[in-house]
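Below is model.csv, which holds CSV, C-alpha atoms.
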chain,number,residue,atom,x,y,z
O,1,MET,CA,-19.5,-139.6,-30.5
O,2,PRO,CA,-16.4,-138.5,-28.7
O,3,ARG,CA,-16.8,-137.8,-25.0
O,4,GLN,CA,-17.0,-134.2,-24.1
O,5,GLN,CA,-13.9,-133.2,-22.2
O,6,GLN,CA,-14.6,-131.8,-18.8
O,7,PRO,CA,-12.8,-128.6,-17.8
O,8,ALA,CA,-10.0,-129.2,-15.4
O,9,THR,CA,-10.7,-128.1,-11.9
O,10,ARG,CA,-8.4,-125.6,-10.5
O,11,PRO,CA,-6.8,-126.9,-7.2
O,12,ALA,CA,-7.0,-124.7,-4.2
O,13,ARG,CA,-3.9,-122.9,-3.4
O,14,ARG,CA,-2.0,-124.2,-0.4
O,15,ARG,CA,0.3,-121.7,1.2
O,16,SER,CA,1.9,-122.6,4.5
O,17,TYR,CA,5.2,-122.4,6.2
O,18,ASP,CA,4.5,-125.9,7.5
O,19,GLN,CA,5.9,-125.1,10.9
O,20,PHE,CA,4.4,-126.1,14.2
O,21,CYS,CA,4.6,-122.5,15.5
O,22,ALA,CA,1.8,-120.1,16.4
O,23,GLY,CA,3.5,-117.2,14.6
O,24,ALA,CA,3.9,-119.2,11.4
O,25,ARG,CA,0.3,-120.3,11.6
O,26,ALA,CA,-0.7,-116.6,11.9
O,27,LEU,CA,1.4,-115.7,8.9
O,28,ASP,CA,-0.2,-118.5,7.0
O,29,ALA,CA,-3.5,-116.6,7.4
O,30,VAL,CA,-2.5,-112.9,7.2
O,31,GLY,CA,1.1,-112.8,5.9
O,32,ASP,CA,0.2,-112.1,2.3
O,33,ARG,CA,0.7,-108.6,1.0
O,34,TRP,CA,-2.5,-106.5,1.4
O,35,THR,CA,-4.3,-108.9,3.8
O,36,LEU,CA,-3.7,-106.9,7.0
O,37,LEU,CA,-4.6,-103.6,5.2
O,38,ILE,CA,-7.9,-105.2,4.1
O,39,VAL,CA,-8.4,-106.0,7.8
O,40,ARG,CA,-7.7,-102.4,8.7
O,41,GLU,CA,-10.4,-101.3,6.3
O,42,LEU,CA,-13.0,-103.9,7.5
O,43,LEU,CA,-12.4,-102.9,11.2
O,44,ALA,CA,-14.3,-99.8,10.2
O,45,GLY,CA,-17.4,-102.0,9.5
O,46,PRO,CA,-18.9,-103.7,6.4
O,47,ARG,CA,-17.5,-102.4,3.1
O,48,ARG,CA,-18.4,-103.0,-0.5
O,49,TYR,CA,-15.8,-104.2,-2.9
O,50,THR,CA,-15.7,-100.9,-4.6
O,51,ASP,CA,-15.2,-99.0,-1.3
O,52,LEU,CA,-12.3,-101.4,-0.4
O,53,HIS,CA,-10.7,-100.8,-3.8
O,54,ALA,CA,-11.0,-97.1,-3.4
O,55,ASP,CA,-9.4,-97.0,0.0
O,56,LEU,CA,-6.5,-99.4,-0.9
O,57,PRO,CA,-4.7,-97.3,-3.5
O,58,GLY,CA,-2.3,-99.5,-5.4
O,59,VAL,CA,-4.0,-102.9,-5.1
O,60,SER,CA,-5.1,-104.5,-8.3
O,61,THR,CA,-8.7,-105.8,-8.7
O,62,ASP,CA,-7.3,-109.4,-9.1
O,63,VAL,CA,-5.2,-109.3,-6.0
O,64,LEU,CA,-8.0,-107.7,-3.9
O,65,ALA,CA,-10.5,-110.4,-5.1
O,66,SER,CA,-8.0,-113.1,-4.3
O,67,ARG,CA,-7.2,-111.8,-0.8
O,68,LEU,CA,-10.9,-111.5,0.0
O,69,ARG,CA,-11.5,-115.1,-1.1
O,70,ASP,CA,-8.6,-116.3,1.0
O,71,MET,CA,-10.0,-114.3,4.0
O,72,GLU,CA,-13.4,-115.9,3.6
O,73,GLN,CA,-11.8,-119.4,3.3
O,74,GLY,CA,-9.7,-118.7,6.4
O,75,GLY,CA,-12.6,-117.6,8.5
O,76,LEU,CA,-11.5,-114.0,8.8
O,77,ALA,CA,-14.2,-112.4,6.7
O,78,THR,CA,-17.7,-113.1,5.3
O,79,ARG,CA,-19.7,-111.7,2.5
O,80,ARG,CA,-23.4,-110.9,2.7
O,81,ARG,CA,-26.0,-109.4,0.4
O,82,LEU,CA,-27.7,-106.2,1.6
O,83,PRO,CA,-31.5,-106.1,1.4
O,84,PRO,CA,-33.2,-103.9,-1.2
O,85,PRO,CA,-33.0,-101.1,-2.2
O,86,ALA,CA,-29.2,-101.4,-1.7
O,87,ALA,CA,-28.9,-104.7,-3.7
O,88,ALA,CA,-25.2,-104.8,-3.0
O,89,SER,CA,-22.8,-107.3,-1.3
O,90,VAL,CA,-20.6,-106.2,1.5
O,91,TYR,CA,-17.6,-107.8,3.2
O,92,GLU,CA,-17.2,-107.8,7.0
O,93,LEU,CA,-14.9,-109.4,9.6
O,94,THR,CA,-15.8,-112.4,11.6
O,95,GLU,CA,-15.1,-112.5,15.3
O,96,ARG,CA,-11.7,-114.0,14.5
O,97,GLY,CA,-11.0,-111.3,12.1
O,98,HIS,CA,-11.9,-108.6,14.7
O,99,GLY,CA,-9.4,-110.3,17.0
O,100,LEU,CA,-6.7,-108.8,14.8
O,101,LEU,CA,-7.3,-105.3,16.1
O,102,PRO,CA,-4.5,-105.4,18.7
O,103,VAL,CA,-2.2,-106.8,16.1
O,104,LEU,CA,-2.9,-103.8,13.8
O,105,VAL,CA,-2.5,-101.4,16.8
O,106,ALA,CA,0.8,-102.9,17.7
O,107,LEU,CA,2.0,-102.8,14.1
O,108,ALA,CA,1.0,-99.1,13.8
O,109,GLU,CA,3.0,-98.4,17.0
O,110,TRP,CA,6.0,-100.2,15.7
O,111,GLY,CA,5.8,-98.5,12.3
O,112,ALA,CA,5.2,-95.0,13.5
O,113,PRO,CA,8.9,-94.0,13.7
O,114,ALA,CA,9.1,-94.6,10.0
O,115,LEU,CA,6.6,-91.8,9.3
O,116,THR,CA,9.1,-89.0,9.5
O,117,GLU,CA,7.7,-87.2,6.5
O,118,ARG,CA,4.9,-87.6,4.1
O,119,ARG,CA,6.2,-88.6,0.6
O,120,PRO,CA,4.7,-87.0,-2.5
O,121,THR,CA,3.5,-90.5,-3.6
O,122,ASP,CA,1.9,-91.3,-0.2
O,123,ALA,CA,-1.9,-91.8,-0.3
O,124,VAL,CA,-3.7,-90.8,2.9
O,125,ARG,CA,-7.1,-91.4,4.4
O,126,ALA,CA,-8.3,-89.8,7.7
O,127,HIS,CA,-9.4,-93.1,9.2
O,128,TRP,CA,-5.9,-94.5,8.9
O,129,PHE,CA,-5.1,-92.4,11.9
O,130,ALA,CA,-7.6,-94.3,14.0
O,131,LEU,CA,-5.1,-97.0,15.0
O,132,PRO,CA,-2.6,-94.8,16.8
O,133,LEU,CA,-5.4,-92.8,18.4
O,134,LEU,CA,-7.1,-95.9,19.7
O,135,ARG,CA,-3.8,-96.9,21.4
O,136,ALA,CA,-3.8,-93.5,23.2
O,137,LEU,CA,-7.4,-93.6,24.1
O,138,ASP,CA,-7.0,-97.1,25.6
O,139,GLY,CA,-3.8,-96.2,27.4
O,140,PRO,CA,-3.0,-94.0,30.5
O,141,GLY,CA,-4.8,-90.7,30.4
O,142,GLY,CA,-7.5,-92.0,28.1
O,143,PRO,CA,-11.2,-91.9,28.9
O,144,VAL,CA,-12.9,-94.5,31.0
O,145,CYS,CA,-16.4,-93.4,29.8
O,146,GLY,CA,-17.7,-95.3,26.8
O,147,GLY,CA,-19.1,-93.6,23.8
O,148,VAL,CA,-18.6,-92.5,20.2
O,149,LEU,CA,-16.0,-89.9,19.5
O,150,ASP,CA,-15.9,-87.8,16.3
O,151,VAL,CA,-12.3,-86.9,15.2
O,152,ARG,CA,-11.6,-84.0,12.8
O,153,LEU,CA,-8.2,-83.7,11.1
O,154,GLU,CA,-7.1,-81.5,8.2
O,155,GLU,CA,-7.1,-84.7,6.2
O,156,GLY,CA,-10.8,-85.5,6.9
O,157,GLU,CA,-13.0,-86.9,9.6
O,158,PHE,CA,-13.5,-90.3,11.2
O,159,HIS,CA,-15.0,-91.7,14.5
O,160,VAL,CA,-13.9,-94.1,17.1
O,161,ARG,CA,-15.6,-96.0,20.0
O,162,THR,CA,-14.1,-95.5,23.4
O,163,GLY,CA,-14.5,-97.6,26.6
O,164,GLU,CA,-15.7,-101.2,26.6
O,165,ARG,CA,-16.5,-102.4,23.1
O,166,VAL,CA,-18.9,-105.0,21.9
O,167,ALA,CA,-17.1,-108.0,20.5
O,168,GLY,CA,-17.3,-108.2,16.7
O,169,SER,CA,-18.5,-104.6,16.3
O,170,ALA,CA,-16.8,-101.8,14.4
O,171,VAL,CA,-14.3,-99.9,16.5
O,172,TYR,CA,-13.9,-97.0,14.1
O,173,GLY,CA,-15.4,-95.7,10.9
O,174,ASP,CA,-14.8,-93.3,8.1
O,175,GLY,CA,-16.5,-89.9,8.4
O,176,PRO,CA,-18.5,-88.4,11.3
O,177,ALA,CA,-20.8,-90.7,13.3
O,178,ASP,CA,-24.6,-90.4,13.0
O,179,CYS,CA,-24.8,-89.5,16.7
O,180,ALA,CA,-21.5,-88.7,18.5
O,181,ASP,CA,-21.1,-88.3,22.2
O,182,ALA,CA,-18.1,-85.9,21.8
O,183,ARG,CA,-15.9,-84.4,19.2
O,184,ILE,CA,-12.2,-83.6,19.0
O,185,ALA,CA,-10.1,-81.6,16.6
O,186,LEU,CA,-6.3,-82.1,16.3
O,187,GLU,CA,-3.4,-82.5,13.8
O,188,ALA,CA,-2.6,-85.8,12.1
O,189,GLU,CA,1.0,-85.5,13.4
O,190,LEU,CA,-0.3,-85.3,17.0
O,191,CYS,CA,-2.3,-88.5,16.3
O,192,LEU,CA,0.9,-90.3,15.5
O,193,ALA,CA,2.6,-88.9,18.5
O,194,LEU,CA,-0.2,-90.0,20.8
O,195,GLY,CA,0.2,-93.5,19.5
O,196,ARG,CA,3.8,-93.4,20.7
O,197,GLY,CA,2.7,-92.0,24.1
O,198,GLU,CA,4.3,-88.7,23.4
O,199,PRO,CA,2.3,-87.0,25.0
O,200,THR,CA,-0.6,-88.7,26.7
O,201,PHE,CA,-4.1,-87.8,25.5
O,202,ALA,CA,-4.8,-85.9,28.8
O,203,GLN,CA,-1.6,-83.9,28.4
O,204,ALA,CA,-2.4,-82.9,24.9
O,205,VAL,CA,-5.9,-81.7,25.9
O,206,LYS,CA,-4.3,-79.7,28.8
O,207,ASP,CA,-1.8,-78.2,26.5
O,208,GLY,CA,-4.5,-77.1,24.1
O,209,ARG,CA,-3.3,-79.3,21.3
O,210,ILE,CA,-6.7,-81.2,21.2
O,211,GLU,CA,-9.9,-79.2,21.1
O,212,VAL,CA,-12.8,-81.0,22.7
O,213,SER,CA,-16.5,-80.1,22.2
O,214,GLY,CA,-19.8,-81.7,23.1
O,215,GLU,CA,-21.9,-82.2,26.2
O,216,GLY,CA,-22.3,-85.3,28.4
O,217,ALA,CA,-20.0,-87.6,30.3
O,218,LEU,CA,-17.5,-88.5,27.6
O,219,ALA,CA,-16.9,-84.9,26.5
O,220,ALA,CA,-16.5,-83.8,30.2
O,221,GLU,CA,-14.0,-86.6,30.9
O,222,LEU,CA,-12.0,-85.7,27.9
O,223,ARG,CA,-11.8,-82.1,29.0
O,224,GLY,CA,-10.6,-83.3,32.4
O,225,GLU,CA,-13.7,-81.9,34.2
Full structure transcribed into structure tokens:
Amino acid sequence: MPRQQQPATRPARRRSYDQFCAGARALDAVGDRWTLLIVRELLAGPRRYTDLHADLPGVSTDVLASRLRDMEQGGLATRRRLPPPAAASVYELTERGHGLLPVLVALAEWGAPALTERRPTDAVRAHWFALPLLRALDGPGGPVCGGVLDVRLEEGEFHVRTGERVAGSAVYGDGPADCADARIALEAELCLALGRGEPTFAQAVKDGRIEVSGEGALAAELRGE
């Protein structure tokens, strides 16, 4: 009887610049198309595969699945099963993955001058404006007081955490928070300008370009009281 042929095992992909350089090693991990945008989405907290696919317009299901596998293998993300009744799997960043936040903030700052106008083909999600806003909140004129800040744009709502943050926790999220310490309303274009430091957050509040509401220490500090 002929021996049954075993299916060939697929070798793991090896992608490396093979350079003894920290920048090259970083690009080995996150240099593939879509990887950093997946990180951007997971910085908002655990996400289901379907949620990631919905908020990454243009990515194919095969590419998204491949990138997520690479991120798991590289120690940037993990997958876990939610308890019943959810019965769904979510992806979330590891501590190393969360360490990419300043990289994304810096990239958003560098890329902001290219956002001169919104093209008809451009997708947009409100929480994509969290990165430039975080830079403004963490910079001069931003609040010292920690808390959760709801942000309302014409494009939608998201929330961010100000002040000292817990390592490995979500720094922003889609939609309003369950319990916010303060709320602001502003235009998306101002979010981008704040990320460039033009103007500072405090200046924009003083000029009436940011509307602040809420009680408590964070809201008072944002109003300059």
Find, counting only C-alpha atoms, the residue in O:Leu37, O:Ala87, O:Ala220, O:Val30 that gets nearest to Gly74 in chain O.
O:Val30
Shell around range 176-183 of chain O at 12 Å using all atoms listed in the file, local window under 6 positions removed, as a PyMOL selection string:
chain O and resi 44+126-127+143+145-153+156-162+170+210-223
One decimal, in Å: what's the spacing between CA of Val103 in chain O and CA of Leu190 in chain O?
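A separation of 21.6 Å between them.
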Top pick for closest residue to Asp62 in chain O, considering O:Trp34, O:His98, O:Tyr17, O:Arg125 and counting only C-alpha atoms
O:Trp34
Two-atom distance - CA of Gly175 in chain O, CA of Arg135 in chain O (Å):
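About the pair CA of Gly175 in chain O and CA of Arg135 in chain O: they are 19.5 Å apart.
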